[in-house]
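Engineer: Sending over structure.csv (CSV, C-alpha atoms and all ligand atoms).
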```csv
chain,number,residue,atom,x,y,z
A,1,MET,CA,-4.3,0.2,-12.2
A,2,ASN,CA,-5.7,2.8,-14.5
A,3,ILE,CA,-5.0,1.9,-18.1
A,4,PHE,CA,-8.7,2.1,-18.6
A,5,HIS,CA,-10.2,4.4,-15.8
A,6,LYS,CA,-8.9,7.6,-17.3
A,7,GLU,CA,-10.5,10.2,-19.5
A,8,TRP,CA,-11.2,8.7,-22.9
A,9,ASN,CA,-10.2,10.2,-26.2
A,10,SER,CA,-10.2,8.7,-29.7
A,11,ASN,CA,-6.6,7.8,-29.4
A,12,ARG,CA,-7.0,6.0,-26.2
A,13,ILE,CA,-10.0,4.1,-27.5
A,14,MET,CA,-8.0,3.2,-30.6
A,15,ASN,CA,-5.3,1.9,-28.3
A,16,LEU,CA,-7.7,-0.6,-26.9
A,17,THR,CA,-8.1,-2.1,-30.4
A,18,ASN,CA,-4.3,-2.4,-30.5
A,19,LEU,CA,-3.7,-3.9,-27.1
A,20,TYR,CA,-3.6,-7.4,-28.6
A,21,LYS,CA,-0.4,-6.3,-30.4
A,22,VAL,CA,1.1,-5.5,-27.0
A,23,SER,CA,0.3,-9.0,-25.9
A,24,GLU,CA,1.8,-10.5,-29.1
A,25,LEU,CA,5.0,-8.6,-28.5
A,26,MET,CA,5.1,-9.8,-24.9
A,27,PHE,CA,4.5,-13.4,-26.0
A,28,VAL,CA,7.4,-13.3,-28.5
A,29,SER,CA,9.7,-11.5,-26.1
A,30,ILE,CA,9.1,-14.2,-23.5
A,31,LYS,CA,9.5,-16.9,-26.1
A,32,ILE,CA,13.0,-15.7,-27.0
A,33,ASP,CA,13.7,-14.9,-23.3
A,34,LEU,CA,14.5,-11.3,-24.2
A,35,PHE,CA,13.8,-9.9,-20.8
A,36,SER,CA,16.2,-12.2,-19.0
A,37,LYS,CA,18.9,-11.5,-21.6
A,38,LEU,CA,18.5,-7.8,-21.0
A,39,HIS,CA,19.3,-8.0,-17.2
A,40,GLU,CA,22.3,-5.9,-18.1
A,41,PRO,CA,22.2,-3.1,-20.7
A,42,LYS,CA,23.0,-4.2,-24.3
A,43,THR,CA,22.9,-2.4,-27.6
A,44,SER,CA,20.6,-3.9,-30.3
A,45,SER,CA,23.6,-5.2,-32.3
A,46,GLU,CA,25.1,-6.9,-29.2
A,47,LEU,CA,21.8,-8.6,-28.5
A,48,SER,CA,21.2,-9.5,-32.2
A,49,LYS,CA,24.6,-11.2,-32.2
A,50,GLU,CA,23.9,-13.1,-29.0
A,51,LEU,CA,20.5,-14.3,-30.4
A,52,THR,CA,21.6,-14.6,-34.0
A,53,PHE,CA,18.6,-12.5,-35.1
A,54,ASP,CA,18.2,-9.9,-37.7
A,55,ASN,CA,19.4,-6.6,-36.2
A,56,ASP,CA,17.0,-4.3,-38.1
A,57,PHE,CA,13.9,-6.2,-37.0
A,58,LEU,CA,15.2,-6.7,-33.5
A,59,GLU,CA,15.8,-3.0,-33.1
A,60,ILE,CA,12.2,-2.3,-34.1
A,61,ILE,CA,11.0,-4.8,-31.5
A,62,LEU,CA,13.2,-3.2,-28.8
A,63,LYS,CA,11.9,0.2,-29.6
A,64,ALA,CA,8.3,-1.0,-29.5
A,65,LEU,CA,9.1,-2.4,-26.0
A,66,VAL,CA,10.6,0.9,-24.9
A,67,ALA,CA,7.4,2.6,-26.2
A,68,ILE,CA,5.3,0.6,-23.8
A,69,ASN,CA,7.8,1.0,-21.0
A,70,LEU,CA,8.8,-2.6,-20.6
A,71,LEU,CA,12.3,-1.6,-21.7
A,72,GLN,CA,14.3,1.5,-21.2
A,73,ILE,CA,17.1,2.9,-23.4
A,74,ASP,CA,20.2,4.7,-22.0
A,75,LYS,CA,22.2,7.5,-23.6
A,76,ASN,CA,24.6,4.9,-25.2
A,77,ASN,CA,21.7,3.3,-27.0
A,78,ARG,CA,21.8,0.3,-24.7
A,79,TYR,CA,18.5,-1.4,-23.8
A,80,HIS,CA,17.6,-2.8,-20.4
A,81,VAL,CA,14.4,-4.1,-18.7
A,82,THR,CA,12.5,-1.4,-16.8
A,83,PRO,CA,13.4,-2.0,-13.1
A,84,SER,CA,9.8,-2.4,-11.8
A,85,ALA,CA,9.1,-5.0,-14.5
A,86,PHE,CA,12.3,-6.9,-14.1
A,87,PRO,CA,11.4,-9.3,-11.2
A,88,TYR,CA,8.3,-10.5,-13.1
A,89,LEU,CA,9.9,-10.9,-16.5
A,90,ASN,CA,13.3,-12.4,-15.6
A,91,LYS,CA,12.9,-16.1,-15.7
A,92,GLU,CA,15.3,-16.7,-12.8
A,93,SER,CA,13.4,-14.5,-10.4
A,94,LYS,CA,11.1,-16.0,-7.7
A,95,ASN,CA,8.4,-13.7,-8.8
A,96,SER,CA,8.7,-14.5,-12.5
A,97,ILE,CA,5.5,-14.9,-14.3
A,98,ASN,CA,7.1,-16.0,-17.6
A,99,SER,CA,5.5,-19.4,-17.6
A,100,LEU,CA,2.0,-17.9,-17.1
A,101,ILE,CA,2.7,-15.7,-20.1
A,102,GLU,CA,3.9,-18.8,-22.0
A,103,LEU,CA,0.7,-20.6,-21.1
A,104,GLU,CA,-1.4,-17.8,-22.4
A,105,ARG,CA,0.7,-17.8,-25.6
A,106,THR,CA,0.1,-21.5,-26.2
A,107,MET,CA,-3.6,-21.1,-25.3
A,108,ARG,CA,-3.9,-18.2,-27.8
A,109,ASN,CA,-2.3,-20.3,-30.5
A,110,LYS,CA,-4.8,-23.1,-29.8
A,111,ARG,CA,-8.0,-21.1,-30.1
A,112,ASN,CA,-9.4,-17.8,-31.2
A,113,LEU,CA,-11.2,-16.1,-28.3
A,114,ASN,CA,-13.2,-14.0,-30.8
A,115,GLU,CA,-14.8,-17.2,-32.1
A,116,VAL,CA,-15.3,-18.7,-28.6
A,117,ILE,CA,-17.2,-15.6,-27.6
A,118,LEU,CA,-19.3,-15.5,-30.7
A,119,ASP,CA,-20.1,-19.2,-30.4
A,120,LEU,CA,-21.2,-18.7,-26.8
A,121,LEU,CA,-23.4,-15.8,-27.8
A,122,THR,CA,-25.0,-17.6,-30.7
A,123,GLY,CA,-25.6,-20.8,-28.8
A,124,GLU,CA,-22.9,-22.8,-30.6
A,125,SER,CA,-20.6,-25.0,-28.6
A,126,PRO,CA,-17.2,-23.5,-28.8
A,127,LYS,CA,-14.5,-25.8,-30.1
A,128,ARG,CA,-13.0,-27.6,-27.1
A,129,ILE,CA,-9.2,-27.5,-26.9
A,130,ASP,CA,-6.7,-29.9,-25.5
A,131,PHE,CA,-4.8,-28.8,-22.5
A,132,PRO,CA,-1.4,-27.5,-23.3
A,133,GLU,CA,1.6,-29.8,-22.9
A,134,LYS,CA,2.0,-30.9,-19.3
A,135,ASN,CA,5.2,-29.1,-18.7
A,136,ILE,CA,3.8,-25.8,-19.9
A,137,TYR,CA,0.8,-26.2,-17.7
A,138,THR,CA,2.7,-27.3,-14.6
A,139,ASN,CA,5.3,-24.6,-14.9
A,140,ALA,CA,2.5,-22.1,-15.2
A,141,MET,CA,0.9,-23.5,-12.0
A,142,SER,CA,4.1,-23.0,-10.2
A,143,SER,CA,4.5,-19.5,-11.4
A,144,GLY,CA,3.4,-16.6,-9.2
A,145,THR,CA,2.5,-19.0,-6.3
A,146,TYR,CA,5.3,-17.9,-4.0
A,147,TYR,CA,3.7,-14.7,-2.8
A,148,PRO,CA,0.1,-16.0,-2.3
A,149,ALA,CA,1.5,-19.1,-0.6
A,150,LEU,CA,3.6,-17.0,1.8
A,151,LYS,CA,0.7,-14.6,2.4
A,152,MET,CA,-1.7,-17.4,3.2
A,153,GLY,CA,0.9,-19.2,5.3
A,154,ARG,CA,1.4,-16.1,7.4
A,155,VAL,CA,-2.3,-15.7,8.0
A,156,LEU,CA,-2.5,-19.3,9.1
A,157,LEU,CA,0.2,-18.5,11.7
A,158,LYS,CA,-2.5,-16.6,13.6
A,159,TYR,CA,-4.5,-19.8,14.0
A,160,PHE,CA,-1.9,-22.6,14.2
A,161,ASP,CA,1.2,-22.5,16.4
A,162,LYS,CA,4.2,-23.0,14.1
A,163,ASN,CA,5.3,-26.1,16.1
A,164,ARG,CA,1.9,-27.7,16.3
A,165,PRO,CA,1.4,-30.9,14.3
A,166,ILE,CA,-1.0,-30.2,11.5
A,167,ASN,CA,-2.6,-32.7,9.2
A,168,PHE,CA,-2.9,-30.8,5.9
A,169,LEU,CA,-4.8,-31.8,2.8
A,170,ASP,CA,-4.2,-30.1,-0.5
A,171,LEU,CA,-6.9,-31.0,-3.1
A,172,GLY,CA,-5.7,-30.4,-6.6
A,173,CYS,CA,-2.2,-29.7,-5.4
A,174,GLY,CA,-0.6,-29.1,-8.8
A,175,PRO,CA,3.2,-29.1,-8.5
A,176,GLY,CA,3.0,-28.8,-4.7
A,177,ASP,CA,4.3,-25.3,-4.2
A,178,TYR,CA,1.8,-24.3,-1.6
A,179,ALA,CA,2.5,-27.4,0.5
A,180,LEU,CA,6.3,-26.6,0.2
A,181,THR,CA,5.8,-23.1,1.5
A,182,PHE,CA,3.4,-24.2,4.3
A,183,LYS,CA,5.9,-26.8,5.4
A,184,LYS,CA,8.6,-24.2,5.7
A,185,LEU,CA,6.4,-22.2,8.1
A,186,PHE,CA,5.0,-25.2,10.1
A,187,SER,CA,7.8,-27.7,10.7
A,188,ASN,CA,5.4,-30.4,12.1
A,189,LEU,CA,3.0,-30.2,9.2
A,190,VAL,CA,2.2,-33.5,7.5
A,191,GLY,CA,0.6,-33.2,4.1
A,192,THR,CA,-1.5,-35.3,1.8
A,193,LEU,CA,-1.5,-34.0,-1.7
A,194,ILE,CA,-4.1,-35.2,-4.2
A,195,ASP,CA,-4.2,-34.6,-8.0
A,196,ARG,CA,-4.6,-36.5,-11.2
A,197,GLU,CA,-2.0,-39.1,-12.0
A,198,GLU,CA,-0.1,-37.2,-14.7
A,199,ILE,CA,0.2,-34.1,-12.4
A,200,ILE,CA,1.1,-36.2,-9.3
A,201,ASN,CA,4.0,-37.7,-11.2
A,202,ILE,CA,5.4,-34.2,-11.7
A,203,THR,CA,4.7,-33.3,-8.0
A,204,ARG,CA,6.6,-36.3,-6.9
A,205,GLN,CA,9.5,-35.4,-9.0
A,206,ARG,CA,9.6,-31.9,-7.7
A,207,LEU,CA,9.3,-32.9,-4.1
A,208,MET,CA,12.1,-35.5,-4.6
A,209,GLU,CA,14.4,-32.8,-6.1
A,210,LYS,CA,13.8,-30.7,-3.0
A,211,ASN,CA,14.4,-33.7,-0.7
A,212,VAL,CA,11.0,-33.4,1.1
A,213,LEU,CA,9.2,-36.3,-0.5
A,214,ASN,CA,9.0,-38.1,2.9
A,215,ASP,CA,7.0,-35.3,4.5
A,216,PHE,CA,4.1,-35.8,2.1
A,217,LYS,CA,1.7,-38.5,1.0
A,218,LEU,CA,0.9,-38.2,-2.6
A,219,ILE,CA,-2.3,-39.7,-4.0
A,220,HIS,CA,-3.6,-39.7,-7.5
A,221,ASN,CA,-7.3,-39.9,-7.9
A,222,ASP,CA,-10.4,-37.9,-8.6
A,223,PHE,CA,-11.2,-36.2,-5.3
A,224,MET,CA,-14.7,-35.4,-6.5
A,225,SER,CA,-15.7,-39.0,-7.1
A,226,ASP,CA,-13.2,-41.1,-5.1
A,227,PRO,CA,-13.3,-41.3,-1.3
A,228,ILE,CA,-10.9,-39.2,0.7
A,229,SER,CA,-9.3,-40.9,3.7
A,230,GLY,CA,-7.4,-39.4,6.8
A,231,LYS,CA,-8.3,-36.8,9.4
A,232,TYR,CA,-7.4,-33.2,8.6
A,233,GLU,CA,-7.3,-29.9,10.4
A,234,LEU,CA,-6.3,-27.8,7.5
A,235,VAL,CA,-7.5,-28.2,3.8
A,236,LEU,CA,-6.4,-26.1,0.9
A,237,LEU,CA,-8.5,-25.5,-2.3
A,238,SER,CA,-6.3,-23.3,-4.4
A,239,ASN,CA,-7.6,-22.5,-7.9
A,240,ILE,CA,-10.0,-25.4,-7.7
A,241,CYS,CA,-13.5,-23.9,-7.0
A,242,HIS,CA,-13.6,-22.3,-10.4
A,243,PHE,CA,-13.9,-25.7,-12.0
A,244,TYR,CA,-17.0,-26.6,-10.0
A,245,SER,CA,-20.5,-25.4,-9.1
A,246,LEU,CA,-21.4,-24.4,-5.6
A,247,GLU,CA,-23.3,-27.7,-5.2
A,248,GLU,CA,-20.2,-29.7,-6.2
A,249,ILE,CA,-18.1,-27.7,-3.7
A,250,SER,CA,-20.5,-28.3,-0.9
A,251,HIS,CA,-20.5,-32.0,-1.7
A,252,LEU,CA,-16.7,-31.9,-1.6
A,253,LEU,CA,-16.6,-30.0,1.7
A,254,ASN,CA,-19.1,-32.5,3.2
A,255,LYS,CA,-17.1,-35.5,2.3
A,256,ILE,CA,-13.7,-34.3,3.6
A,257,PRO,CA,-12.8,-36.2,6.7
A,258,PHE,CA,-12.0,-33.4,9.2
A,259,ASN,CA,-10.4,-34.2,12.6
A,260,PRO,CA,-13.4,-34.1,15.0
A,261,LYS,CA,-11.1,-33.3,17.9
A,262,GLU,CA,-9.8,-30.1,16.5
A,263,GLU,CA,-11.1,-27.0,14.9
A,264,SER,CA,-11.2,-27.5,11.1
A,265,PHE,CA,-9.9,-24.8,8.7
A,266,VAL,CA,-10.3,-24.6,4.9
A,267,ILE,CA,-8.5,-22.0,2.9
A,268,ILE,CA,-10.0,-21.3,-0.5
A,269,HIS,CA,-7.8,-19.3,-2.9
A,270,ASP,CA,-9.2,-18.4,-6.3
A,271,PHE,CA,-10.3,-15.8,-8.8
A,272,PHE,CA,-13.4,-14.0,-7.5
A,273,LEU,CA,-15.5,-11.3,-8.9
A,274,ASP,CA,-16.0,-8.1,-7.0
A,275,GLU,CA,-19.1,-6.0,-6.4
A,276,GLU,CA,-17.1,-3.1,-7.7
A,277,LEU,CA,-16.4,-3.5,-11.5
A,278,ASN,CA,-13.0,-2.1,-12.2
A,279,GLU,CA,-9.8,-2.9,-14.0
A,280,GLU,CA,-8.8,-5.6,-11.5
A,281,THR,CA,-12.1,-7.4,-11.9
A,282,PHE,CA,-11.8,-7.7,-15.7
A,283,LEU,CA,-9.8,-10.9,-15.6
A,284,PRO,CA,-12.1,-12.8,-13.1
A,285,ILE,CA,-15.1,-11.7,-15.1
A,286,PHE,CA,-13.5,-12.7,-18.4
A,287,ALA,CA,-12.4,-16.0,-16.8
A,288,SER,CA,-16.0,-16.9,-16.2
A,289,LEU,CA,-16.5,-16.7,-20.0
A,290,ASP,CA,-13.4,-18.7,-20.5
A,291,TRP,CA,-14.5,-21.4,-18.1
A,292,MET,CA,-17.9,-21.7,-19.8
A,293,GLY,CA,-16.2,-21.9,-23.1
A,294,ASN,CA,-14.0,-24.7,-22.1
A,295,HIS,CA,-15.4,-26.4,-19.0
A,296,SER,CA,-19.1,-25.5,-19.5
A,297,ASN,CA,-19.1,-24.4,-15.9
A,298,ARG,CA,-20.0,-20.8,-15.1
A,299,PHE,CA,-17.8,-19.5,-12.4
A,300,ASN,CA,-18.7,-16.0,-11.2
A,301,TYR,CA,-18.9,-15.7,-7.4
A,302,THR,CA,-17.9,-12.7,-5.5
A,303,LEU,CA,-15.9,-13.3,-2.4
A,304,ASN,CA,-18.9,-12.1,-0.3
A,305,GLU,CA,-21.3,-14.5,-2.1
A,306,ILE,CA,-19.1,-17.4,-1.5
A,307,GLY,CA,-18.6,-16.3,2.1
A,308,SER,CA,-22.3,-16.1,2.8
A,309,TRP,CA,-22.9,-19.4,1.1
A,310,LEU,CA,-20.2,-21.1,3.2
A,311,GLU,CA,-21.8,-19.5,6.3
A,312,SER,CA,-25.1,-21.0,5.3
A,313,LEU,CA,-23.3,-24.4,5.3
A,314,GLY,CA,-22.2,-23.9,9.0
A,315,TRP,CA,-18.7,-22.5,8.3
A,316,MET,CA,-17.5,-19.3,9.9
A,317,VAL,CA,-15.5,-16.9,7.7
A,318,VAL,CA,-12.5,-15.8,9.7
A,319,GLU,CA,-10.3,-14.1,7.1
A,320,GLN,CA,-10.7,-12.9,3.5
A,321,GLU,CA,-8.4,-10.7,1.5
A,322,ALA,CA,-7.4,-9.9,-2.1
A,323,ILE,CA,-3.8,-10.9,-2.8
A,324,LYS,CA,-2.0,-7.7,-3.6
A,325,GLY,CA,-0.8,-7.5,-7.2
A,326,LEU,CA,-2.6,-10.6,-8.3
A,327,PRO,CA,-6.2,-11.2,-9.6
A,328,THR,CA,-6.9,-13.7,-6.8
A,329,SER,CA,-8.2,-13.6,-3.2
A,330,TYR,CA,-8.3,-16.1,-0.4
A,331,ILE,CA,-11.0,-16.9,2.2
A,332,LEU,CA,-10.3,-18.8,5.4
A,333,ILE,CA,-13.2,-20.6,7.0
A,334,LYS,CA,-13.4,-22.6,10.2
A,335,LYS,CA,-15.7,-25.0,11.9
A,336,GLU,CA,-15.6,-25.7,15.7
A,337,LYS,CA,-14.5,-29.1,16.9
A,338,LYS,CA,-17.3,-31.5,17.7
A,339,GLY,CA,-18.5,-31.3,21.3
A,340,GLU,CA,-18.4,-34.2,23.8
A,341,GLY,CA,-20.8,-37.0,22.8
A,342,GLU,CA,-21.6,-35.5,19.4
A,343,ILE,CA,-21.7,-38.0,16.6
A,344,GLU,CA,-19.0,-37.6,13.9
B,401,LIG,C1,-5.6,-24.7,-11.6
B,401,LIG,S1,-4.7,-26.0,-11.0
B,401,LIG,C2,-4.3,-25.5,-9.4
B,401,LIG,C3,-3.1,-26.1,-8.8
B,401,LIG,C4,-2.7,-25.6,-7.4
B,401,LIG,N1,-3.7,-25.9,-6.4
B,401,LIG,C5,-2.4,-24.1,-7.5
B,401,LIG,O1,-3.2,-23.3,-7.0
B,401,LIG,O2,-1.4,-23.7,-8.1
B,401,LIG,C6,-6.0,-27.2,-10.7
B,401,LIG,C7,-5.5,-28.6,-10.3
B,401,LIG,O3,-6.6,-29.3,-9.7
B,401,LIG,C8,-6.5,-30.6,-10.3
B,401,LIG,N2,-7.9,-31.1,-10.2
B,401,LIG,C9,-9.1,-30.5,-10.5
B,401,LIG,N3,-10.1,-31.3,-10.3
B,401,LIG,C10,-9.6,-32.5,-9.8
B,401,LIG,C11,-10.2,-33.7,-9.4
B,401,LIG,N4,-11.5,-33.8,-9.4
B,401,LIG,N5,-9.4,-34.7,-8.9
B,401,LIG,C12,-8.1,-34.5,-8.9
B,401,LIG,N6,-7.4,-33.3,-9.3
B,401,LIG,C13,-8.2,-32.3,-9.7
B,401,LIG,C14,-6.0,-30.4,-11.7
B,401,LIG,O4,-5.5,-31.6,-12.2
B,401,LIG,C15,-5.0,-29.3,-11.5
B,401,LIG,O5,-3.7,-29.9,-11.2
```
Would you put the structure from the file into structure tokens?
Ligand SMILES: C[S@@+](CC[C@H](N)C(=O)[O-])C[C@H]1O[C@@H](n2cnc3c(N)ncnc32)[C@H](O)[C@@H]1O
Structural biologist:
Amino acid sequence: MNIFHKEWNSNRIMNLTNLYKVSELMFVSIKIDLFSKLHEPKTSSELSKELTFDNDFLEIILKALVAINLLQIDKNNRYHVTPSAFPYLNKESKNSINSLIELERTMRNKRNLNEVILDLLTGESPKRIDFPEKNIYTNAMSSGTYYPALKMGRVLLKYFDKNRPINFLDLGCGPGDYALTFKKLFSNLVGTLIDREEIINITRQRLMEKNVLNDFKLIHNDFMSDPISGKYELVLLSNICHFYSLEEISHLLNKIPFNPKEESFVIIHDFFLDEELNEETFLPIFASLDWMGNHSNRFNYTLNEIGSWLESLGWMVVEQEAIKGLPTSYILIKKEKKGEGEIE
């Protein structure tokens, strides 16, 4: 917090103009896996030998990274990753966000945001881009999911006994990380995971590698237009709503077959705007531009707006919270089970 909300001076304003250079440096550093390689201190010449790079240029890069405090340098001129940044930038770490940074790098190479924004403003249709290669996209979907999955799973423990059988539906499951974490917390959870064919093939592979394929039913279809079968008590929509309008999401919620004999829970996890406009809301606000530019769908709900809208549809908001350290929040909603004699 607080790169921006400090007293301005001309130098700090000029630095804004140069922030893209910081991103470029990060992109390159992730591309050459520099941060993982500096898990132990190394001099520039040791590192240049290991990477077979030009030492003079490498040293400039290392110094620039020290200047923005992603690296530190010791008295023997050895560089290492700043300890607080290390868990996020070391590709072996559970909290690594390297693949998200790599996704941003490939997206940046595919389109010029400047042009996208100007096109939107002047009524031109921005150039549509192809999705990045599947492995870059699915790796990015897996990245940074561990903490929100655990956080949401722990919240669900308030509502579901950990030994209770749960019929769980994950719509747009991506690589399946949320289902995997929920399964660790709820041993009797049985999951149905739906995504598009090319993604489900990757999900299947990942679940097979983890020996849990038998705990899940994998379906490839379009959950918006195809029917959904089963009877569920818990449904996850993680990073899905931003692709759809509120009307489309209501249509989806109405067609999900919930188990009428149990309370139904839906957990929605996404980027939301905030009434308070601060540094943390920059990304969600900007994302709405991005979505419009690429999906022609405006996504700009605050958590409270989506909450009141869900309440108007007969759902009760039972929990909502921003995920600490990430630009996402979750909202847990529930509907009572149907009373005796009520028609399903
Ligand atoms: C941003 S990713 C989110 C993945 C995962 N839920 C997560 O939070 O990490 C969105 C996923 O939803 C899938 N998706 C979106 N709309 C879909 C639809 N109508 N039918 C099937 N899959 C869909 C996409 O293929 C993609 O894998």
Engineer: Can you work out the spacing between CA of Lys231 (chain A) and CA of Asn254 (chain A) in Å, to one decimal?
Structural biologist: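 Going from CA of Lys231 (chain A) over to CA of Asn254 (chain A), I get 13.2 Å.
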Engineer: Could you give me, as JSON, numbers by chain, every polymer residue with an atom at most 6 Å away from an atom of ligand LIG 401 (chain B), counting only C-alpha atoms and all ligand atoms?
Structural biologist: {"A": [141, 142, 172, 173, 174, 195, 196, 199, 221, 222, 223, 224, 238, 239, 240]}
Engineer: Produce a table with one row for each residue of region 109-151 of chain A that has an atom at most 12 Å from any atom of region 319-324 of chain A, each row naming the nearest atom pair and its distance in Å at one decimal; use all atoms listed in the file; arrange rows by chain and rising residue number; format as CSV.
Structural biologist:
```
residue,atom,partner,partner_atom,distance
A:Gly144,CA,A:Ile323,CA,11.2
A:Thr145,CA,A:Ile323,CA,10.8
A:Tyr146,CA,A:Ile323,CA,11.5
A:Tyr147,CA,A:Ile323,CA,8.4
A:Pro148,CA,A:Ile323,CA,6.4
A:Ala149,CA,A:Ile323,CA,10.0
A:Leu150,CA,A:Ile323,CA,10.6
A:Lys151,CA,A:Ile323,CA,7.8
```
Engineer: Rounded to one decimal in Å, what is the spacing between CA of Tyr330 (chain A) and CA of Arg105 (chain A)?
Structural biologist: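 Value for the CA of Tyr330 (chain A)-CA of Arg105 (chain A) distance: 26.8 Å.
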Engineer: Which of these, A:Val155, A:Ile129, A:Ile267, A:Pro284, has the shortest distance to Leu310 (chain A) once you count only C-alpha atoms?
Structural biologist: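 Between A:Val155, A:Ile129, A:Ile267, A:Pro284, the residue approaching Leu310 (chain A) most closely is A:Ile267.
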Engineer: Could you jot down the CA of Gly307 (chain A) to CA of Leu326 (chain A) separation for me, Å, one decimal place?
Structural biologist: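 Atom-to-atom, CA of Gly307 (chain A) to CA of Leu326 (chain A), that is 19.9 Å.
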Engineer: Quick one: residues within 10 Å of Ser187 (chain A), only C-alpha atoms counted, chain neighbours fewer than 3 positions away excluded, as a list in words?
Structural biologist: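 Here the qualifying residues turn out to be Lys162, Asn163, Arg164, Pro165, Ile166, Phe182, Lys183, Lys184, Val190 and Asp215 of chain A.
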Engineer: Hey, what's within 8 Å of Met316 (chain A) if we count all atoms listed in the file and toss same-chain stuff fewer than 3 positions away? As a list in words, please?
Structural biologist: Leu310, Glu311, Ile333, Lys334 and Lys335 of chain A
Engineer: Using all atoms listed in the file, which protein or nucleic acid residues come within 9 Å of Val266 (chain A)? Drop anything in the same chain fewer than 4 positions from it, and give the result as a PyMOL selection string.
Structural biologist: chain A and resi 233-237+253+331-335
Engineer: Need the shell around Phe272 (chain A): protein/DNA/RNA residues with any atom at most 10 Å away, counting all atoms listed in the file. Skip same-chain ones fewer than 4 positions apart. Format as a ChimeraX atom specification?
Structural biologist: /A:241-242,281,283-285,287-288,299-306,322,327-330
Engineer: How would the residues just chosen look if you wrote them out with C-alpha atoms as a PDB file, in the frame of the given file?
Structural biologist:
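Written file, out27.pdb:
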```pdb
ATOM      1  CA  CYS A 241     -13.500 -23.900  -7.000  1.00  0.00           C
ATOM      2  CA  HIS A 242     -13.600 -22.300 -10.400  1.00  0.00           C
ATOM      3  CA  THR A 281     -12.100  -7.400 -11.900  1.00  0.00           C
ATOM      4  CA  LEU A 283      -9.800 -10.900 -15.600  1.00  0.00           C
ATOM      5  CA  PRO A 284     -12.100 -12.800 -13.100  1.00  0.00           C
ATOM      6  CA  ILE A 285     -15.100 -11.700 -15.100  1.00  0.00           C
ATOM      7  CA  ALA A 287     -12.400 -16.000 -16.800  1.00  0.00           C
ATOM      8  CA  SER A 288     -16.000 -16.900 -16.200  1.00  0.00           C
ATOM      9  CA  PHE A 299     -17.800 -19.500 -12.400  1.00  0.00           C
ATOM     10  CA  ASN A 300     -18.700 -16.000 -11.200  1.00  0.00           C
ATOM     11  CA  TYR A 301     -18.900 -15.700  -7.400  1.00  0.00           C
ATOM     12  CA  THR A 302     -17.900 -12.700  -5.500  1.00  0.00           C
ATOM     13  CA  LEU A 303     -15.900 -13.300  -2.400  1.00  0.00           C
ATOM     14  CA  ASN A 304     -18.900 -12.100  -0.300  1.00  0.00           C
ATOM     15  CA  GLU A 305     -21.300 -14.500  -2.100  1.00  0.00           C
ATOM     16  CA  ILE A 306     -19.100 -17.400  -1.500  1.00  0.00           C
ATOM     17  CA  ALA A 322      -7.400  -9.900  -2.100  1.00  0.00           C
ATOM     18  CA  PRO A 327      -6.200 -11.200  -9.600  1.00  0.00           C
ATOM     19  CA  THR A 328      -6.900 -13.700  -6.800  1.00  0.00           C
ATOM     20  CA  SER A 329      -8.200 -13.600  -3.200  1.00  0.00           C
ATOM     21  CA  TYR A 330      -8.300 -16.100  -0.400  1.00  0.00           C
TER      22      TYR A 330
END
```
Engineer: With a distance cut-off of 7 Å and all atoms listed in the file, select the neighbouring residues of Thr82 (chain A), excluding the residue or stretch itself and same-chain residues fewer than 2 positions from it, and output the selection as a list of chain:residue names.
Structural biologist: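 Non-adjacent residues within range: A:Asn69, A:Leu70, A:Leu71, A:Gln72, A:His80, A:Ser84, A:Ala85, A:Phe86.
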Engineer: Let me make sure I understand: among A:Ser99, A:Tyr88, A:Gly314, A:Glu280, which one has the smallest atom-to-atom distance to Ile3 (chain A) if we use all atoms listed in the file?
Structural biologist: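 When distances to Ile3 (chain A) are compared using all atoms listed in the file, the smallest one comes from A:Glu280.
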Engineer: What would region 194-201 of chain A look like with N, CA and C atoms restored, written as a compact mmCIF listing (two decimals), in the frame of the given file?
Structural biologist:
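Below you can see result-v7.txt, which holds the result:
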```txt
# COMPACT_ATOMS: atom_id res chain seq x y z
N ILE A 194 -3.33 -34.40 -3.25
CA ILE A 194 -4.10 -35.20 -4.20
C ILE A 194 -4.20 -34.43 -5.56
N ASP A 195 -3.95 -35.13 -6.61
CA ASP A 195 -4.20 -34.60 -8.00
C ASP A 195 -4.31 -35.75 -8.92
N ARG A 196 -4.48 -35.44 -10.19
CA ARG A 196 -4.60 -36.50 -11.20
C ARG A 196 -3.22 -37.13 -11.43
N GLU A 197 -3.23 -38.35 -11.92
CA GLU A 197 -2.00 -39.10 -12.00
C GLU A 197 -0.85 -38.37 -12.74
N GLU A 198 -1.21 -37.78 -13.91
CA GLU A 198 -0.10 -37.20 -14.70
C GLU A 198 0.49 -35.98 -13.96
N ILE A 199 -0.31 -35.30 -13.14
CA ILE A 199 0.20 -34.10 -12.40
C ILE A 199 0.99 -34.64 -11.17
N ILE A 200 0.43 -35.65 -10.47
CA ILE A 200 1.10 -36.20 -9.30
C ILE A 200 2.49 -36.69 -9.59
N ASN A 201 2.66 -37.25 -10.78
CA ASN A 201 4.00 -37.70 -11.20
C ASN A 201 4.98 -36.56 -11.19
```
